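Content type CSV, C-alpha atoms, from the file run_22.csv:
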```
chain,number,residue,atom,x,y,z
A,15,MET,CA,0.0,0.0,0.0
A,16,GLU,CA,1.2,3.5,-0.8
A,17,PRO,CA,2.6,5.4,2.2
A,18,HIS,CA,-0.1,7.6,3.6
A,19,GLY,CA,-0.7,10.4,6.1
A,20,VAL,CA,-3.7,11.7,7.9
A,21,TRP,CA,-5.1,15.1,6.8
A,22,ILE,CA,-7.0,17.0,9.5
A,23,TYR,CA,-10.0,19.2,8.7
A,24,ALA,CA,-11.4,20.3,12.0
A,25,VAL,CA,-11.7,19.5,15.7
A,26,THR,CA,-15.2,19.3,17.1
A,27,GLY,CA,-17.2,17.6,19.8
A,28,ARG,CA,-18.4,14.0,19.6
A,29,VAL,CA,-19.6,12.9,16.2
A,30,SER,CA,-21.0,9.5,15.2
A,31,PRO,CA,-18.7,7.9,12.6
A,32,ALA,CA,-21.7,7.0,10.5
A,33,SER,CA,-22.7,10.7,10.2
A,34,LEU,CA,-19.5,11.4,8.3
A,35,ASN,CA,-20.4,8.9,5.6
A,36,GLN,CA,-22.0,11.6,3.4
A,37,LEU,CA,-19.0,13.8,3.4
A,38,SER,CA,-16.1,13.6,0.9
A,39,GLY,CA,-12.9,15.5,1.2
A,40,VAL,CA,-9.8,16.2,-0.9
A,41,GLY,CA,-9.8,14.0,-4.0
A,42,HIS,CA,-13.4,13.1,-3.2
A,43,GLU,CA,-12.2,10.5,-0.7
A,44,PRO,CA,-14.3,9.7,2.4
A,45,VAL,CA,-13.5,11.3,5.8
A,46,ARG,CA,-13.6,9.7,9.2
A,47,ALA,CA,-13.3,10.5,12.8
A,48,VAL,CA,-10.4,10.2,15.3
A,49,ALA,CA,-11.7,10.6,18.9
A,50,ALA,CA,-9.8,11.4,22.1
A,51,GLY,CA,-11.7,12.2,25.2
A,52,GLU,CA,-14.6,14.5,24.4
A,53,LEU,CA,-13.0,15.7,21.2
A,54,THR,CA,-13.1,14.4,17.6
A,55,ALA,CA,-10.8,15.3,14.8
A,56,VAL,CA,-12.4,14.9,11.4
A,57,VAL,CA,-9.6,13.5,9.2
A,58,GLN,CA,-8.9,11.7,5.9
A,59,ASP,CA,-6.2,9.3,4.7
A,60,VAL,CA,-4.1,10.9,2.0
A,61,GLY,CA,-1.3,9.5,-0.1
A,62,LEU,CA,2.1,11.0,0.6
A,63,ALA,CA,3.0,11.0,-3.1
A,64,GLU,CA,0.5,13.9,-3.4
A,65,PHE,CA,0.3,15.2,0.2
A,66,GLY,CA,3.7,14.7,1.7
A,67,GLU,CA,5.8,17.7,2.5
A,68,GLN,CA,7.8,17.8,-0.7
A,69,ALA,CA,4.7,17.1,-2.8
A,70,LEU,CA,2.8,19.8,-1.0
A,71,ARG,CA,5.4,22.4,-1.6
A,72,ARG,CA,5.1,21.7,-5.3
A,73,ASN,CA,1.4,21.3,-5.4
A,74,LEU,CA,0.6,24.5,-3.5
A,75,GLU,CA,2.2,26.4,-6.3
A,76,ASP,CA,-0.3,24.9,-8.8
A,77,LEU,CA,-3.4,27.1,-8.8
A,78,ASP,CA,-5.7,24.3,-10.0
A,79,TRP,CA,-4.6,21.9,-7.3
A,80,LEU,CA,-4.7,24.6,-4.7
A,81,GLY,CA,-8.2,25.7,-5.7
A,82,ALA,CA,-9.6,22.2,-5.7
A,83,THR,CA,-7.9,21.3,-2.4
A,84,ALA,CA,-9.0,24.6,-0.7
A,85,ARG,CA,-12.6,24.0,-1.8
A,86,ALA,CA,-12.6,20.4,-0.7
A,87,HIS,CA,-11.2,21.4,2.7
A,88,HIS,CA,-13.8,24.1,3.0
A,89,ARG,CA,-16.6,21.8,1.9
A,90,VAL,CA,-16.0,19.4,4.8
A,91,ILE,CA,-15.5,22.1,7.4
A,92,ASP,CA,-18.6,24.0,6.2
A,93,ALA,CA,-20.8,20.9,6.3
A,94,LEU,CA,-19.6,20.2,9.8
A,95,ALA,CA,-20.1,23.8,10.9
A,96,GLN,CA,-23.8,23.6,10.0
A,97,VAL,CA,-24.4,21.2,12.8
A,98,GLY,CA,-22.2,22.3,15.6
A,99,PRO,CA,-19.3,24.4,16.8
A,100,LEU,CA,-15.9,23.4,15.4
A,101,VAL,CA,-12.4,24.6,15.2
A,102,PRO,CA,-11.1,24.6,11.6
A,103,ILE,CA,-7.6,23.4,11.1
A,104,ARG,CA,-5.2,25.2,8.8
A,105,LEU,CA,-5.1,23.8,5.2
A,106,ALA,CA,-2.5,21.1,4.6
A,107,THR,CA,-1.9,19.8,8.2
A,108,VAL,CA,-0.9,16.2,7.9
A,109,TYR,CA,-0.1,13.7,10.5
A,110,SER,CA,1.6,10.4,10.0
A,111,SER,CA,-1.0,8.3,11.9
A,112,ASP,CA,-4.2,8.4,13.9
A,113,ASP,CA,-2.1,8.0,17.0
A,114,GLY,CA,-0.3,11.3,16.3
A,115,VAL,CA,-3.7,13.0,15.8
A,116,ALA,CA,-5.1,11.5,19.1
A,117,ALA,CA,-2.0,12.6,21.0
A,118,MET,CA,-2.3,16.2,19.7
A,119,LEU,CA,-6.0,16.2,20.7
A,120,ALA,CA,-5.1,15.0,24.2
A,121,GLU,CA,-2.3,17.5,24.6
A,122,ARG,CA,-4.4,20.5,23.6
A,123,ASP,CA,-7.7,19.2,25.0
A,124,ALA,CA,-8.3,22.3,27.2
A,125,ASP,CA,-7.4,24.8,24.4
A,126,PHE,CA,-9.8,23.1,22.0
A,127,ARG,CA,-12.6,22.9,24.4
A,128,ALA,CA,-12.2,26.6,25.3
A,129,ALA,CA,-12.2,27.5,21.6
A,130,LEU,CA,-15.3,25.4,21.0
A,131,ALA,CA,-17.1,27.1,23.9
A,132,ARG,CA,-16.1,30.5,22.5
A,133,ILE,CA,-17.3,29.7,19.0
A,134,ARG,CA,-20.5,28.0,19.9
A,135,GLY,CA,-23.6,29.8,18.5
A,136,ARG,CA,-21.4,32.2,16.6
A,137,THR,CA,-20.6,32.7,12.9
A,138,GLU,CA,-18.0,34.5,10.9
A,139,TRP,CA,-18.9,37.1,8.3
A,140,GLY,CA,-16.5,39.0,6.0
A,141,VAL,CA,-16.6,42.6,4.9
A,142,LYS,CA,-14.4,44.0,2.1
A,143,ALA,CA,-14.3,47.7,1.3
A,144,TYR,CA,-13.1,49.1,-2.0
A,145,ALA,CA,-12.4,52.7,-2.9
A,146,ILE,CA,-14.5,53.8,-5.8
A,147,ARG,CA,-12.9,56.2,-8.2
A,148,ARG,CA,-15.6,58.7,-8.7
A,149,SER,CA,-14.0,60.8,-11.5
A,150,GLU,CA,-10.7,61.0,-13.2
A,151,PRO,CA,-8.6,63.2,-10.9
A,152,GLN,CA,-6.6,64.5,-13.8
A,153,ASP,CA,-9.7,66.2,-15.2
A,154,ALA,CA,-10.3,68.2,-12.1
A,155,SER,CA,-6.7,69.3,-11.7
A,156,ALA,CA,-6.3,70.1,-15.4
A,157,ASP,CA,-9.3,72.4,-15.2
A,158,ALA,CA,-7.9,74.2,-12.1
A,159,GLU,CA,-4.5,74.6,-13.8
A,160,PRO,CA,-3.7,78.1,-15.1
A,161,PRO,CA,-2.6,77.9,-18.8
A,162,ALA,CA,1.1,77.5,-19.1
A,163,SER,CA,2.9,80.7,-19.9
A,164,PRO,CA,5.0,80.6,-23.1
A,165,GLU,CA,8.2,80.9,-20.9
A,166,THR,CA,7.5,77.7,-18.8
A,167,GLY,CA,7.0,75.5,-21.8
A,168,ALA,CA,5.1,72.2,-22.1
A,169,GLY,CA,7.5,70.1,-20.0
A,170,ALA,CA,7.2,72.3,-16.9
A,171,ALA,CA,3.5,72.6,-17.3
A,172,TYR,CA,3.2,68.8,-17.5
A,173,LEU,CA,5.3,68.4,-14.3
A,174,GLN,CA,3.2,70.9,-12.4
A,175,ARG,CA,0.0,69.2,-13.5
A,176,ARG,CA,1.4,65.8,-12.6
A,177,ARG,CA,2.3,67.1,-9.1
A,178,GLY,CA,-1.2,68.4,-8.6
A,179,GLN,CA,-2.6,65.0,-9.7
A,180,LEU,CA,-0.4,63.1,-7.3
A,181,ALA,CA,-1.3,65.4,-4.3
A,182,ALA,CA,-5.0,64.9,-5.1
A,183,GLN,CA,-4.6,61.2,-5.3
A,184,LYS,CA,-2.8,61.1,-2.0
A,185,ASP,CA,-5.6,63.2,-0.3
A,186,ALA,CA,-8.3,60.9,-1.8
A,187,ARG,CA,-6.5,57.8,-0.6
A,188,ARG,CA,-6.1,59.2,2.9
A,189,GLN,CA,-9.8,60.0,3.0
A,190,MET,CA,-10.6,56.5,1.9
A,191,LEU,CA,-8.5,54.9,4.6
A,192,ALA,CA,-10.2,57.1,7.2
A,193,ASP,CA,-13.6,56.1,5.9
A,194,ALA,CA,-12.5,52.4,6.0
A,195,GLU,CA,-11.5,52.8,9.6
A,196,ALA,CA,-14.8,54.4,10.6
A,197,ILE,CA,-16.7,51.6,8.8
A,198,HIS,CA,-14.6,49.0,10.6
A,199,ALA,CA,-15.3,50.7,14.0
A,200,ASP,CA,-19.1,50.7,13.3
A,201,LEU,CA,-19.1,47.1,12.3
A,202,SER,CA,-16.9,46.0,15.2
A,203,ALA,CA,-19.5,47.4,17.6
A,204,HIS,CA,-21.8,44.6,16.4
A,205,ALA,CA,-19.2,41.8,16.7
A,206,VAL,CA,-17.9,39.6,19.5
A,207,GLU,CA,-14.5,39.6,17.9
A,208,THR,CA,-12.9,41.1,14.8
A,209,ARG,CA,-9.9,40.3,12.7
A,210,LEU,CA,-8.2,42.2,9.9
A,211,HIS,CA,-6.9,40.3,7.0
A,212,PRO,CA,-4.4,42.0,4.6
A,213,PRO,CA,-6.2,43.8,1.8
A,214,GLN,CA,-6.3,41.6,-1.3
A,215,ALA,CA,-4.2,42.7,-4.3
A,216,PRO,CA,-6.1,44.0,-7.3
A,217,GLN,CA,-4.5,41.2,-9.4
A,218,LEU,CA,-6.4,38.7,-7.2
A,219,THR,CA,-9.7,40.5,-6.8
A,220,GLY,CA,-10.1,41.0,-10.5
A,221,THR,CA,-11.0,44.6,-10.0
A,222,LYS,CA,-8.9,47.7,-10.3
A,223,ALA,CA,-10.5,49.3,-7.3
A,224,LEU,CA,-8.2,49.6,-4.3
A,225,MET,CA,-9.2,47.4,-1.4
A,226,VAL,CA,-9.1,49.5,1.8
A,227,LEU,CA,-10.6,47.0,4.3
A,228,ASN,CA,-10.6,43.2,4.4
A,229,ALA,CA,-12.1,42.2,7.8
A,230,ALA,CA,-13.8,39.3,9.5
A,231,TYR,CA,-16.4,39.6,12.2
A,232,LEU,CA,-17.5,37.0,14.7
A,233,LEU,CA,-21.2,37.4,15.3
A,234,ASP,CA,-23.8,35.7,17.5
A,235,ASP,CA,-25.8,33.6,15.1
A,236,GLU,CA,-29.0,35.5,15.4
A,237,ARG,CA,-27.3,38.8,14.5
A,238,GLY,CA,-26.5,38.0,10.9
A,239,GLU,CA,-29.5,39.7,9.4
A,240,GLU,CA,-29.0,42.9,11.5
A,241,PHE,CA,-25.3,43.0,10.5
A,242,ALA,CA,-26.3,42.8,6.8
A,243,SER,CA,-28.5,45.8,7.2
A,244,VAL,CA,-25.8,47.7,9.1
A,245,VAL,CA,-23.5,47.0,6.1
A,246,ALA,CA,-26.2,48.2,3.7
A,247,ALA,CA,-26.6,51.4,5.7
A,248,LEU,CA,-22.9,52.1,5.8
A,249,ALA,CA,-22.7,51.6,2.0
A,250,GLU,CA,-25.3,54.4,1.7
A,251,ARG,CA,-23.5,56.6,4.1
A,252,TYR,CA,-20.2,56.3,2.3
A,253,PRO,CA,-20.9,56.5,-1.4
A,254,SER,CA,-17.2,56.5,-2.3
A,255,ILE,CA,-16.7,53.1,-0.8
A,256,LYS,CA,-18.0,49.9,-2.2
A,257,LEU,CA,-18.8,47.3,0.5
A,258,GLU,CA,-19.0,43.5,0.0
A,259,LEU,CA,-20.4,41.2,2.6
A,260,THR,CA,-19.4,37.5,2.5
A,261,GLY,CA,-20.6,34.7,4.7
A,262,PRO,CA,-21.7,33.0,6.8
A,263,TRP,CA,-18.3,31.4,7.2
A,264,PRO,CA,-17.1,28.7,9.6
A,265,PRO,CA,-15.0,30.5,12.2
A,266,TYR,CA,-11.7,30.3,10.3
A,267,SER,CA,-10.5,33.7,11.4
A,268,PHE,CA,-11.4,33.2,15.0
A,269,ALA,CA,-10.3,29.7,15.8
A,270,ALA,CA,-6.7,30.6,16.3
A,271,ASP,CA,-7.1,31.6,19.9
A,272,VAL,CA,-6.0,28.0,20.6
A,273,ASP,CA,-2.8,29.0,18.9
A,274,ARG,CA,-2.3,32.5,20.4
A,275,GLU,CA,1.4,32.1,21.1
A,276,GLY,CA,2.1,30.7,17.7
A,277,VAL,CA,0.2,33.5,16.1
A,278,SER,CA,2.0,36.3,17.9
A,279,GLU,CA,5.3,34.7,17.3
A,280,HIS,CA,4.4,34.6,13.6
A,281,ALA,CA,3.3,38.2,13.6
A,282,LEU,CA,6.6,39.2,15.2
A,283,ARG,CA,8.6,37.2,12.6
A,284,ARG,CA,6.6,38.8,9.9
A,285,GLY,CA,7.1,42.3,11.4
A,286,ALA,CA,10.8,41.7,11.7
A,287,SER,CA,11.2,40.5,8.1
A,288,ASP,CA,9.1,43.4,6.8
A,289,ALA,CA,11.4,46.0,8.5
A,290,PRO,CA,13.6,47.9,6.0
B,18,MET,CA,-22.1,38.4,-2.3
B,19,SER,CA,-21.4,34.9,-1.5
B,20,THR,CA,-23.5,32.9,0.9
B,21,ARG,CA,-23.5,29.5,2.5
B,22,TYR,CA,-24.5,27.0,0.0
B,23,GLU,CA,-27.4,24.7,0.5
B,24,GLY,CA,-26.5,21.5,-1.3
B,25,GLU,CA,-24.7,19.7,1.5
B,26,PRO,CA,-26.9,17.1,3.2
B,27,ALA,CA,-27.5,17.7,6.9
B,28,MET,CA,-25.2,15.7,9.0
B,29,PRO,CA,-26.8,14.1,12.0
B,30,HIS,CA,-24.6,14.1,15.1
B,31,GLU,CA,-24.9,11.7,17.8
B,32,ALA,CA,-27.6,12.5,20.3
B,33,ASP,CA,-25.7,15.3,22.0
B,34,PRO,CA,-28.0,18.2,22.8
B,35,ALA,CA,-25.0,20.4,23.2
B,36,ILE,CA,-23.9,20.0,19.6
B,37,VAL,CA,-27.1,19.7,17.5
B,38,PRO,CA,-29.1,22.9,17.7
B,39,THR,CA,-27.1,25.6,15.9
B,40,ALA,CA,-28.0,24.4,12.4
B,41,VAL,CA,-31.4,26.1,12.2
B,42,SER,CA,-30.5,29.2,14.2
B,43,ARG,CA,-27.6,30.4,12.1
B,44,GLY,CA,-28.1,34.0,11.1
B,45,ARG,CA,-28.5,34.7,7.4
B,46,PRO,CA,-29.8,37.7,5.7
B,47,ARG,CA,-33.2,37.2,4.2
B,48,ALA,CA,-33.7,36.6,0.4
B,49,GLU,CA,-30.0,36.0,-0.3
B,50,PRO,CA,-29.6,33.4,-3.0
B,51,ALA,CA,-27.5,30.5,-1.8
B,52,VAL,CA,-24.1,30.3,-3.6
B,53,PRO,CA,-22.5,26.9,-4.1
B,54,ALA,CA,-19.0,26.5,-2.5
B,55,GLU,CA,-17.6,26.4,-6.0
B,56,ARG,CA,-18.6,30.0,-6.6
B,57,ILE,CA,-17.0,31.4,-3.4
B,58,ALA,CA,-14.2,33.6,-4.6
B,59,LEU,CA,-10.9,31.7,-4.3
B,60,VAL,CA,-9.1,34.7,-2.8
B,61,ASP,CA,-11.7,34.9,0.0
B,62,LEU,CA,-11.4,31.2,0.7
B,63,LEU,CA,-7.6,31.3,0.8
B,64,ASP,CA,-7.7,34.2,3.2
B,65,ARG,CA,-9.4,31.8,5.5
B,66,VAL,CA,-8.0,28.3,4.9
B,67,LEU,CA,-4.4,29.5,4.5
B,68,ALA,CA,-4.3,32.4,7.0
B,69,GLY,CA,-7.0,31.2,9.3
B,70,GLY,CA,-7.7,28.0,11.1
B,71,VAL,CA,-5.7,26.6,13.9
B,72,VAL,CA,-2.0,25.8,13.3
B,73,VAL,CA,-1.1,22.5,15.0
B,74,ALA,CA,2.2,20.9,14.4
B,75,GLY,CA,1.4,18.3,11.8
B,76,GLU,CA,4.0,15.5,11.9
B,77,VAL,CA,4.4,15.3,8.1
B,78,THR,CA,4.1,19.0,7.3
B,79,LEU,CA,5.9,20.3,10.4
B,80,SER,CA,8.0,22.8,8.6
B,81,ILE,CA,5.5,24.4,6.3
B,82,ALA,CA,3.3,25.4,9.2
B,83,ASP,CA,2.0,28.9,8.4
B,84,VAL,CA,3.7,31.8,6.7
B,85,ASP,CA,5.5,29.7,4.1
B,86,MET,CA,2.3,28.3,2.9
B,87,VAL,CA,0.6,31.6,2.5
B,88,THR,CA,3.4,33.0,0.5
B,89,VAL,CA,4.0,30.0,-1.8
B,90,SER,CA,0.3,29.8,-2.5
B,91,LEU,CA,-0.2,33.5,-3.1
B,92,ARG,CA,2.8,33.3,-5.4
B,93,ALA,CA,1.0,30.6,-7.3
B,94,LEU,CA,-2.2,32.7,-7.5
B,95,VAL,CA,-0.5,35.8,-8.6
B,96,THR,CA,1.6,34.1,-11.2
B,97,SER,CA,-1.4,32.4,-12.6
B,98,VAL,CA,-3.6,35.3,-12.5
B,99,GLY,CA,-0.8,37.6,-13.8
B,100,ALA,CA,-0.2,35.2,-16.7
B,101,LEU,CA,-3.8,35.1,-17.6
B,102,ALA,CA,-4.3,38.9,-17.4
B,103,GLY,CA,-0.9,39.7,-18.9
B,104,SER,CA,-0.3,42.0,-15.9
B,105,ASP,CA,2.8,42.3,-13.7
B,106,THR,CA,3.1,39.9,-10.8
B,107,GLU,CA,3.9,42.4,-8.1
B,108,LEU,CA,1.9,41.7,-4.9
B,109,PRO,CA,1.6,44.8,-2.8
B,110,GLY,CA,1.1,44.3,0.9
B,111,TRP,CA,2.7,40.9,1.0
B,112,GLY,CA,6.4,40.8,1.9
B,113,PRO,CA,8.6,38.1,0.6
```
Before we go any further, please render this structure as structure tokens.
Amino acid sequence: MEPHGVWIYAVTGRVSPASLNQLSGVGHEPVRAVAAGELTAVVQDVGLAEFGEQALRRNLEDLDWLGATARAHHRVIDALAQVGPLVPIRLATVYSSDDGVAAMLAERDADFRAALARIRGRTEWGVKAYAIRRSEPQDASADAEPPASPETGAGAAYLQRRRGQLAAQKDARRQMLADAEAIHADLSAHAVETRLHPPQAPQLTGTKALMVLNAAYLLDDERGEEFASVVAALAERYPSIKLELTGPWPPYSFAADVDREGVSEHALRRGASDAP
Amino acid sequence: MSTRYEGEPAMPHEADPAIVPTAVSRGRPRAEPAVPAERIALVDLLDRVLAGGVVVAGEVTLSIADVDMVTVSLRALVTSVGALAGSDTELPGWGP
């Protein structure tokens, strides 16, 4: 038999093994449960030829593979999230055996149970804000520009106009960011927890509009509808910002409390490597 | 706007009253059409499955725990999207 590993989707409370029969994970293979104490890890056997460390490094660079795998991972987690609180596990976490999974569950039992209690009855929603370009800034500054005198010449006039455009763009961007902060503050007031993701690059969003906010909000389940109307009201109040609401999501952005030390260490590393 | 998809069959848990009830009470804005998982934007999904979720030390994937994965995968995304769109592959906001 091909060497295999154990891929983890999520950690949840007790689940009957039979109830997992309808779910299929990566590669449309069946998922199963590994239990330890009151916790269950929902897992799947994966071949190491495709999911071993070296293979993963290669495959994660392949957009088709990554997309299919991310969606399969999400499909299982999302289905499980419909029926009870769960802690999603980061994509591509692979153990060598069920024993390793069970040992990890036992070791972090208290953390996982605390996270499940925190997440119970709550749902993640995402809000992205884009700056809308209302008019071409060069039109406005060109109109305001006095005609170039014969002495200054076309080159100097161009430079002056260009400086004006850049200053106007800078002001507009600063205003957009201030608006985004105000929007985030308003939305945060409705959430139990919030998390900011880095804005997505225009190459990835498929739009030229600049993303000024990419946030996740953990809400009590019954507040989803109210939150959607708050987003709609904010969209009206800030006509120069386009708001997009996504969700409900399983609590991907809020499960990492279990991992607080690891996350802050990661943030520090990132901060250090970002420094000039 | 993407929404939870409806196609997945309900998954009965063992009779554990603590786990069962949330399915029906999950908040959802009225009159939003359900969007299948396949239509959720991949970038939104990757924000969550690559940068979210709990990092546990997998035995096999010990050394590609977190930030490495995010960067390799985003590189894959940007390269592919860039190649499709014929645009440059610079990714503002993401350090190397």
Go ahead and compute the interatomic distance for CA of Ser38 (chain A) and CA of Ala229 (chain A), in Å to one decimal.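 It comes out at 29.7 Å.
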In Å to one decimal, how far is CA of Thr26 (chain A) from CA of Ala50 (chain A)?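 Separation of CA of Ala50 (chain A) and CA of Thr26 (chain A): 10.8 Å.
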Just checking: using all atoms listed in the file, which residue out of A:Lys222, A:Arg147, A:His211, A:His198 ends up closest to chain B?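 Smallest separation from chain B among the options: A:His211.
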Would you kindly return, as a PyMOL selection string, each protein, DNA or RNA residue with an atom no farther than 7 Å from any atom of Glu138 (chain A), considering only C-alpha atoms and excluding same-chain residues fewer than 2 positions away? chain A and resi 140+230-233+261-265
Output as JSON, numbers by chain the set of chain A residues within 6 Å of chain B, with distances taken over all atoms listed in the file. {"A": [29, 30, 33, 67, 74, 75, 77, 96, 97, 98, 102, 103, 104, 105, 107, 108, 109, 110, 235, 236, 237, 238, 239, 259, 260, 261, 262, 266, 267, 269, 270]}
Counting only C-alpha atoms, what is within 12 Å of region 141-144 of chain A, bar same-chain residues fewer than 6 positions away, as a PyMOL selection string? (chain A and resi 187+190-198+200-202+208-216+219+221-232+241-242+244-246+248-249+252-263) or (chain B and resi 18-19+60-61+64)
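From CA of Ser243 (chain A) back to CA of Ile146 (chain A), the distance works out to 20.7 Å.
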Between A:His42, A:His18, A:Asp78, A:Asp92, smallest distance to Ala63 (chain A) by only C-alpha atoms belongs to A:His18
